[in-house]
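Q: Have a look at the structure that comes next, please.
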Amino acid sequence: MAATSGFAAVLAIASLLCLTIAPTRGALQVGFYKGKCNRTDVEGTVKSIVAARFARDRTIVPALLRLHFHDCFVRGCDASILIDGSGTEKTAPPNLSVRGYDLIDQAKTQLERACPGVVSCADIIAIATRDAVVLGGGTQYTYAVQTGRRDGNISLASDASKNLPGASLNASQAIAAFRAKGLSASYTVLLLGSSKRRRPMNWHLSRAHTVGITHCSFIRNRLYNYNGTGKPDPDMDPAFVAMLRKRCPQTSAVDNSVFLDNGTPSTVDNSYYKQLLAKRGVLKVDQNLAMDAATNGTVKSLASGSLSFPSLFGNAMVKMGSIQVLTGAQGQIRKSCRAVNK
């Protein structure tokens with residue numbers, strides 16, 4: 001049965017490799033802005049801004065991955081997370097530690113000077129995230145970004161709290177949450193393999209676990225009193241527990257950060273999956289991916305390298321980037337990413 005399950009997972013992932021990167025809704029297409037911005041290279045402009053930030057702050061990689069994910073899972077990839085104001089998505093608990101807004105603003109300002117009202121904030125997020133991933137993982141992570149999104153007019157904190165799945169979910173629940181957005185179980189494993197968690201509200205799923213962090217306060221129960229047993233989580237490698245306890249004392253006034261991938265914490269790669277198979281998943285939701293029959297085969301295939309994580313991850317990012325997009329005459333092209341046009 002295990003072999004059959006593993007083979008099924010390989011077939012499922014192999015099918016993703018065969019997908020062509022084609023528009024999935026409306027007018028999304030690769031190269032949408034070619035010739036539309038007064039001789040300015042839109043993607044090149046964004047790339048240079050991301051590269052400059054990465055040179056002084058490598059954590060921009062998980063920051064942008066998280067920003068893109070939190071945008072797409074709430075009302076689709078429409079840049080609604082960028083809108084300022086009381087009661088907007090930015091103010092929802094899961095988004096209080098999201099960052100990268102200033103980089104998107106910088107790119108938007110530069111592109112507005114070159115071609116006012118042409119490039120959407122939603123597309124800037126998607127392009128910038130791809131460029132950050134390539135910088136964090138290497139050129140093998142290059143994928144073509146579909147563009148042509150338009151910006152949304154609505155941003156509600158209640159939508160964010162309702163649509164962003166919680167980190168306490170088991171694998172089956174996580175799969176269901178992703179499937180509700182049109183993403184398969186294989187895409188769930190791929191996208192969770194890329195999630196960022198930061199305080200203060202670390203109880204929602206994000207993306208960038210291969211380059212992300214959490215904090216001791218969110219894993220201390222696994223280390224000292226799992227499910228009220230007074231013992232650590234039995235599904236965690238004892239040597240790993242001992243290592244994490246040094247970083248996270250049972251009582252401490254300081255809430256230290258902890259890498260989610262303790263193999264290659266600052267590089268986008270498949271080390272995260274290898275750590276899960278070694279029972280070194282920091283968060284329970286991550287470890288569950290390696291233990292659940294629906295996802296174990298996928299984790300093993302990605303960990304072994306028998307299937308290409310870079311190629312599959314690129315496909316997953318394109319798929320996620322097409323969730324409920326606005327195109328054509330829908331929405332608007334905001335003048336400022338922080339406010340709906342008046």
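Labels for the structure tokens follow display order: chains A, B, ..., residues from 1 in each chain, ligands from 1.
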Counting only C-alpha atoms, what are the residues of range 58-166 of chain A within 9 Å of range 287-310 of chain A, and for each of them which pair of atoms is the nearest and at what distance in Å, to one decimal? Sort the table by chain and rising number, as a tab-separated table.
A:
residue	atom	partner	partner_atom	distance
A:Gly137	CA	A:Pro310	CA	8.5
A:Gln140	CA	A:Pro310	CA	6.1
A:Tyr141	CA	A:Pro310	CA	4.9
A:Thr142	CA	A:Pro310	CA	8.0
A:Tyr143	CA	A:Pro310	CA	9.0
Q: Counting only C-alpha atoms, what is within 10 Å of Ser48 in chain A, bar same-chain residues fewer than 5 positions away, as a PDB file with C-alpha atoms, in the first residue's frame?
A:
ATOM      1  CA  GLU A  43      10.189  43.227 -15.151  1.00  0.00           C
ATOM      2  CA  ARG A  53      17.233  45.000  -1.347  1.00  0.00           C
ATOM      3  CA  PHE A  54      18.459  41.399  -1.340  1.00  0.00           C
ATOM      4  CA  ALA A 107       8.757  49.666  -7.691  1.00  0.00           C
ATOM      5  CA  ALA A 128       9.091  40.766  -7.206  1.00  0.00           C
ATOM      6  CA  ASP A 131      12.911  37.617  -8.501  1.00  0.00           C
TER       7      ASP A 131
END
Q: Got a sec to tell me which of range 108-180 of chain A DSSP assigns to alpha helix (DSSP H), as an NGL selection string?
A: :A and (108-114 or 121-137 or 157-163 or 171-179)
Q: Counting only C-alpha atoms, figure out which residue out of A:Ser311, A:Asn95, A:Gln324, A:Gln173 gets nearest to Arg75 in chain A.
A: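 Using only C-alpha atoms, the shortest distance to Arg75 in chain A belongs to A:Gln324.
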Q: Write out as a PyMOL selection string the residues lying within 8 Å of Gln250 in chain A, counting only C-alpha atoms and excluding same-chain residues fewer than 5 positions away.
A: chain A and resi 220+224+245
Q: Write the residues you've just listed into a file as an mmCIF file, in the first residue's frame, and include N, CA, C and O atoms for each of them.
A:
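Output contents, as saved in again.cif:
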data_model
loop_
_atom_site.group_PDB
_atom_site.id
_atom_site.type_symbol
_atom_site.label_atom_id
_atom_site.label_comp_id
_atom_site.auth_asym_id
_atom_site.auth_seq_id
_atom_site.Cartn_x
_atom_site.Cartn_y
_atom_site.Cartn_z
ATOM 1 N N ARG A 220 7.140 25.811 21.954
ATOM 2 C CA ARG A 220 7.550 25.375 23.289
ATOM 3 C C ARG A 220 6.726 24.185 23.777
ATOM 4 O O ARG A 220 7.238 23.303 24.460
ATOM 5 N N TYR A 224 8.284 20.656 25.455
ATOM 6 C CA TYR A 224 8.223 20.394 26.896
ATOM 7 C C TYR A 224 6.930 19.738 27.387
ATOM 8 O O TYR A 224 6.954 18.988 28.356
ATOM 9 N N ARG A 245 15.777 22.921 22.563
ATOM 10 C CA ARG A 245 15.623 23.338 23.963
ATOM 11 C C ARG A 245 16.728 24.309 24.379
ATOM 12 O O ARG A 245 16.499 25.183 25.225
#
Q: Using only C-alpha atoms, which of A:Phe69, A:Leu135, A:Ser217, A:Leu192 sits nearest Asp57 in chain A?
A: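 Closest to Asp57 in chain A of all the choices is A:Leu135.
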